[in-house]
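entry.cif follows; it contains mmCIF, C-alpha atoms and all ligand atoms.
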data_work
loop_
_atom_site.label_atom_id
_atom_site.label_comp_id
_atom_site.auth_asym_id
_atom_site.auth_seq_id
_atom_site.Cartn_x
_atom_site.Cartn_y
_atom_site.Cartn_z
CA MET A 1 97.85 95.49 129.39
CA ILE A 2 98.33 99.21 128.95
CA LEU A 3 100.30 101.14 131.57
CA SER A 4 97.25 103.01 132.89
CA THR A 5 95.51 99.74 133.69
CA HIS A 6 98.65 98.41 135.40
CA ALA A 7 98.91 101.62 137.45
CA VAL A 8 95.26 101.52 138.53
CA VAL A 9 95.54 97.87 139.57
CA GLY A 10 98.86 98.57 141.36
CA GLY A 11 97.29 101.52 143.14
CA ALA A 12 94.26 99.41 144.04
CA VAL A 13 96.44 96.69 145.55
CA ALA A 14 98.53 99.30 147.41
CA SER A 15 95.35 100.87 148.80
CA LEU A 16 94.84 97.64 150.76
CA LEU A 17 98.34 98.11 152.29
CA PRO A 18 98.33 101.88 152.87
CA SER A 19 101.01 101.92 155.57
CA HIS A 20 103.33 99.32 154.05
CA PRO A 21 105.17 100.89 151.07
CA ALA A 22 107.57 97.94 150.68
CA ALA A 23 104.69 95.46 150.54
CA ALA A 24 102.86 97.80 148.14
CA ALA A 25 105.93 97.76 145.88
CA ILE A 26 106.12 93.97 145.84
CA ALA A 27 102.36 93.51 145.41
CA GLY A 28 102.24 96.13 142.67
CA PHE A 29 105.11 94.48 140.80
CA ALA A 30 103.48 91.05 141.12
CA SER A 31 100.10 92.40 139.96
CA HIS A 32 101.66 93.27 136.60
CA PHE A 33 102.30 89.63 135.74
CA ALA A 34 99.00 88.42 137.19
CA ILE A 35 96.87 90.66 134.97
CA ASP A 36 99.10 90.31 131.88
CA ALA A 37 98.05 86.65 131.93
CA ILE A 38 94.45 87.69 131.11
CA PRO A 39 93.72 88.04 127.36
CA HIS A 40 93.76 91.78 126.65
CA TRP A 41 94.24 94.62 124.22
CA ASP A 42 97.46 96.64 123.83
CA TYR A 43 97.88 99.71 121.66
CA PRO A 44 100.28 99.27 118.76
CA LEU A 45 103.69 100.95 118.86
CA ARG A 46 105.08 102.16 115.56
CA SER A 47 108.79 102.10 116.22
CA ILE A 48 109.59 100.54 119.58
CA ARG A 49 109.68 96.72 119.45
CA LEU A 50 108.76 94.65 122.49
CA GLY A 51 108.12 91.14 121.20
CA LYS A 52 110.29 88.07 121.62
CA GLY A 53 113.82 88.74 120.36
CA ALA A 54 113.05 92.48 120.05
CA ASN A 55 116.04 94.77 119.78
CA ASN A 56 115.78 98.53 120.16
CA ARG A 57 119.51 99.23 120.08
CA ARG A 58 119.18 100.81 116.64
CA LEU A 59 116.09 102.85 117.46
CA SER A 60 116.25 106.00 115.34
CA VAL A 61 115.10 109.46 116.30
CA SER A 62 112.06 109.64 114.06
CA THR A 63 108.50 110.90 114.29
CA ALA A 64 107.36 107.31 114.87
CA THR A 65 109.79 106.83 117.77
CA LEU A 66 108.92 110.15 119.37
CA THR A 67 105.21 109.43 118.98
CA ASP A 68 105.73 106.07 120.70
CA PHE A 69 107.58 107.65 123.62
CA ALA A 70 104.98 110.41 123.91
CA MET A 71 102.16 107.85 123.96
CA VAL A 72 103.87 105.60 126.51
CA GLY A 73 104.76 108.66 128.64
CA PHE A 74 101.20 109.93 128.54
CA ASP A 75 99.86 106.46 129.37
CA ALA A 76 102.20 106.20 132.39
CA CYS A 77 101.43 109.70 133.70
CA ALA A 78 97.69 109.23 133.23
CA GLY A 79 97.93 105.93 135.08
CA LEU A 80 99.84 107.40 138.01
CA GLY A 81 97.44 110.35 138.15
CA LEU A 82 94.37 108.10 138.02
CA ALA A 83 95.71 105.79 140.72
CA LEU A 84 96.49 108.71 143.05
CA TRP A 85 93.17 110.38 142.33
CA MET A 86 91.19 107.21 143.02
CA PHE A 87 93.05 105.82 146.03
CA ALA A 88 95.45 108.26 147.67
CA THR A 89 94.66 109.76 151.04
CA GLU A 90 96.95 111.98 153.06
CA GLY A 91 98.50 108.99 154.80
CA SER A 92 98.69 106.64 151.83
CA PHE A 93 100.00 108.94 149.07
CA TRP A 94 103.45 107.33 148.81
CA ALA A 95 102.21 103.76 149.15
CA ILE A 96 99.78 104.34 146.26
CA ALA A 97 102.42 106.08 144.14
CA ILE A 98 104.90 103.26 144.80
CA GLY A 99 102.26 100.58 144.08
CA ALA A 100 101.28 102.21 140.78
CA PHE A 101 104.90 102.79 139.79
CA SER A 102 106.05 99.25 140.50
CA ALA A 103 103.01 97.86 138.68
CA MET A 104 104.23 99.65 135.52
CA LEU A 105 107.92 98.85 136.09
CA PRO A 106 107.98 95.41 134.38
CA ASP A 107 107.13 97.03 131.04
CA ALA A 108 109.95 99.56 131.48
CA LEU A 109 112.26 96.64 132.28
CA GLN A 110 110.94 94.94 129.17
CA PHE A 111 112.23 97.89 127.17
CA VAL A 112 115.58 97.88 128.99
CA HIS A 113 115.81 94.17 128.14
CA THR A 114 115.67 94.98 124.41
CA LEU A 115 118.85 97.05 124.95
CA TYR A 116 120.56 94.71 127.39
CA PRO A 117 119.18 91.13 127.22
CA HIS A 118 121.30 89.58 129.97
CA GLY A 119 121.34 88.19 133.47
CA LEU A 120 118.47 88.72 135.84
CA LEU A 121 116.76 91.00 133.33
CA HIS A 122 116.68 88.15 130.81
CA ALA A 123 115.30 85.72 133.37
CA LEU A 124 112.55 88.19 134.28
CA GLN A 125 111.77 88.80 130.62
CA ARG A 126 111.44 85.10 129.95
CA PHE A 127 108.91 84.90 132.78
CA HIS A 128 107.09 87.97 131.43
CA TRP A 129 106.78 86.39 127.97
CA TRP A 130 105.75 83.08 129.44
CA ILE A 131 102.95 84.48 131.59
CA HIS A 132 101.76 87.14 129.13
CA SER A 133 98.53 86.08 127.42
CA LYS A 134 99.04 84.92 123.84
CA ARG A 135 95.48 85.97 122.98
CA ALA A 136 95.25 89.59 121.90
CA LEU A 137 91.84 91.27 122.03
CA THR A 138 91.21 93.87 119.36
CA GLY A 139 88.96 96.78 118.43
CA VAL A 140 86.14 98.19 120.50
CA PHE A 141 85.80 94.96 122.49
CA GLY A 142 89.50 95.06 123.36
CA VAL A 143 89.42 98.66 124.57
CA GLY A 144 86.04 98.30 126.26
CA SER A 145 86.91 95.12 128.12
CA GLN A 146 90.10 96.65 129.51
CA LEU A 147 88.26 99.79 130.60
CA ALA A 148 85.64 97.62 132.30
CA PHE A 149 88.37 95.53 133.96
CA ALA A 150 90.22 98.57 135.37
CA GLY A 151 86.94 100.09 136.53
CA MET A 152 85.85 96.88 138.22
CA ILE A 153 89.16 96.56 140.11
CA ALA A 154 88.95 100.21 141.19
CA VAL A 155 85.39 99.86 142.50
CA LEU A 156 86.22 96.60 144.24
CA ALA A 157 89.32 98.06 145.94
CA ARG A 158 87.47 101.18 147.05
CA SER A 159 84.72 99.08 148.59
CA PHE A 160 87.36 97.62 150.95
CA GLN A 161 88.39 101.03 152.27
ZN ZN B 201 103.59 93.46 130.73
#

Encoding of this model in structure tokens:
Amino acid sequence: MILSTHAVVGGAVASLLPSHPAAAAIAGFASHFAIDAIPHWDYPLRSIRLGKGANNRRLSVSTATLTDFAMVGFDACAGLGLALWMFATEGSFWAIAIGAFSAMLPDALQFVHTLYPHGLLHALQRFHWWIHSKRALTGVFGVGSQLAFAGMIAVLARSFQ
């Protein structure tokens, strides 16, 4: 799923563990794989490759590459901001931030794997590919269903607070 959705779900999970940052980190990280297993929509990247066997070692500095990084960066920042805005209280700020961050981390590691496909990173990537839904949703239904999913998780998590 997109990074914003991962961050909202990570923040939601962390909001149930507001005084346990380490548990929030683990739960956030695990939530990434759990929701990637659900058929979903992802926005297309023009230059960065993330599929099986992807290699970004020869990524050029082009408009397409910069646009990709800008989009991913915006997605991540928006996600972190949304998660904090929806769930953070004075006492839980760091737990929520850590939960949202670690929920997005597997996709950053996925990128690092395209540069260095070895060891533990490779094992994690194999798991990521394996669990990631092979059914891609597209168009308005794809976007709408993901928005509805993130919203539902947010409402559900807030009702537990
Ligand atoms: Zn993922």

Let me have all residues with an atom within 10 Å of ligand ZN 201 (chain B), counting all atoms listed in the file, laid out as a PyMOL selection string.
-> chain A and resi 1-3+6+31-37+42+50+103-110+125+128-129+131-133

Output C-alpha atoms for every residue in the selection just made, as a PDB file, in the coordinates of the input.
ATOM      1  CA  MET A   1      97.850  95.490 129.390  1.00  0.00           C
ATOM      2  CA  ILE A   2      98.330  99.210 128.950  1.00  0.00           C
ATOM      3  CA  LEU A   3     100.300 101.140 131.570  1.00  0.00           C
ATOM      4  CA  HIS A   6      98.650  98.410 135.400  1.00  0.00           C
ATOM      5  CA  SER A  31     100.100  92.400 139.960  1.00  0.00           C
ATOM      6  CA  HIS A  32     101.660  93.270 136.600  1.00  0.00           C
ATOM      7  CA  PHE A  33     102.300  89.630 135.740  1.00  0.00           C
ATOM      8  CA  ALA A  34      99.000  88.420 137.190  1.00  0.00           C
ATOM      9  CA  ILE A  35      96.870  90.660 134.970  1.00  0.00           C
ATOM     10  CA  ASP A  36      99.100  90.310 131.880  1.00  0.00           C
ATOM     11  CA  ALA A  37      98.050  86.650 131.930  1.00  0.00           C
ATOM     12  CA  ASP A  42      97.460  96.640 123.830  1.00  0.00           C
ATOM     13  CA  LEU A  50     108.760  94.650 122.490  1.00  0.00           C
ATOM     14  CA  ALA A 103     103.010  97.860 138.680  1.00  0.00           C
ATOM     15  CA  MET A 104     104.230  99.650 135.520  1.00  0.00           C
ATOM     16  CA  LEU A 105     107.920  98.850 136.090  1.00  0.00           C
ATOM     17  CA  PRO A 106     107.980  95.410 134.380  1.00  0.00           C
ATOM     18  CA  ASP A 107     107.130  97.030 131.040  1.00  0.00           C
ATOM     19  CA  ALA A 108     109.950  99.560 131.480  1.00  0.00           C
ATOM     20  CA  LEU A 109     112.260  96.640 132.280  1.00  0.00           C
ATOM     21  CA  GLN A 110     110.940  94.940 129.170  1.00  0.00           C
ATOM     22  CA  GLN A 125     111.770  88.800 130.620  1.00  0.00           C
ATOM     23  CA  HIS A 128     107.090  87.970 131.430  1.00  0.00           C
ATOM     24  CA  TRP A 129     106.780  86.390 127.970  1.00  0.00           C
ATOM     25  CA  ILE A 131     102.950  84.480 131.590  1.00  0.00           C
ATOM     26  CA  HIS A 132     101.760  87.140 129.130  1.00  0.00           C
ATOM     27  CA  SER A 133      98.530  86.080 127.420  1.00  0.00           C
TER      28      SER A 133
END

Point-to-point distance from atom CA of Gly28 of chain A to atom CA of Ser159 of chain A, Å rounded to tenths = 18.7 Å

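The residue set within 9 Å of Ala22 of chain A, counting only C-alpha atoms and dropping same-chain residues fewer than 5 places from it, reads Ala27, Ala95, Ile98 and Gly99 of chain A.
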
Keeping only C-alpha atoms, take the residues you just selected and write them out as a PDB file, in the coordinates of the input.
ATOM      1  CA  ALA A  27     102.360  93.510 145.410  1.00  0.00           C
ATOM      2  CA  ALA A  95     102.210 103.760 149.150  1.00  0.00           C
ATOM      3  CA  ILE A  98     104.900 103.260 144.800  1.00  0.00           C
ATOM      4  CA  GLY A  99     102.260 100.580 144.080  1.00  0.00           C
TER       5      GLY A  99
END

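A straight line drawn from atom CA of Pro18 of chain A to atom CA of Val72 of chain A is 27.2 Å long.
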
Counting all atoms listed in the file, what is within 8 Å of segment 137-152 of chain A, bar same-chain residues fewer than 6 positions away, as a PyMOL selection string?
-> chain A and resi 1+5+8-9+39-42

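Relative to atom CA of Thr65 of chain A, atom CA of Phe111 of chain A is found at 13.2 Å.
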
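Excluding segment 78-81 of chain A and any residue on its chain fewer than 2 positions from it, the residues at most 7 Å away by only C-alpha atoms are Leu3, Ser4, Thr5, Ala7, Val8, Phe74, Asp75, Ala76, Ala83, Leu84, Trp85, Ala97 and Ala100 of chain A.
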
Pick from A:Leu59, A:Ala14, A:Ala136, A:Ile153, whichever lies nearest to Phe87 of chain A using all atoms listed in the file | A:Ala14

Shell around Ser19 of chain A at 12 Å using only C-alpha atoms, local window under 4 positions removed, as a ChimeraX atom specification | /A:14-15,23-25,88-96,98-99

Rank A:Ile48, A:Met86, A:Asn56, A:Val13 by their smallest atom-to-atom distance to Asp68 of chain A, using only C-alpha atoms, and report the top residue only.
-> A:Ile48

Show me, as lines of an AutoDock Vina configuration file, the centre and edge lengths in Å to one decimal of the axis-aligned box that covers every listed atom of segment 84-95 of chain A with 5 Å on each side.
center_x = 97.3
center_y = 107.9
center_z = 148.6
size_x = 22.3
size_y = 18.2
size_z = 22.5

Rank A:Asn55, A:Ser102, A:Thr114, A:Gln161 by their smallest atom-to-atom distance to Phe29 of chain A, using all atoms listed in the file, and report the top residue only.
-> A:Ser102
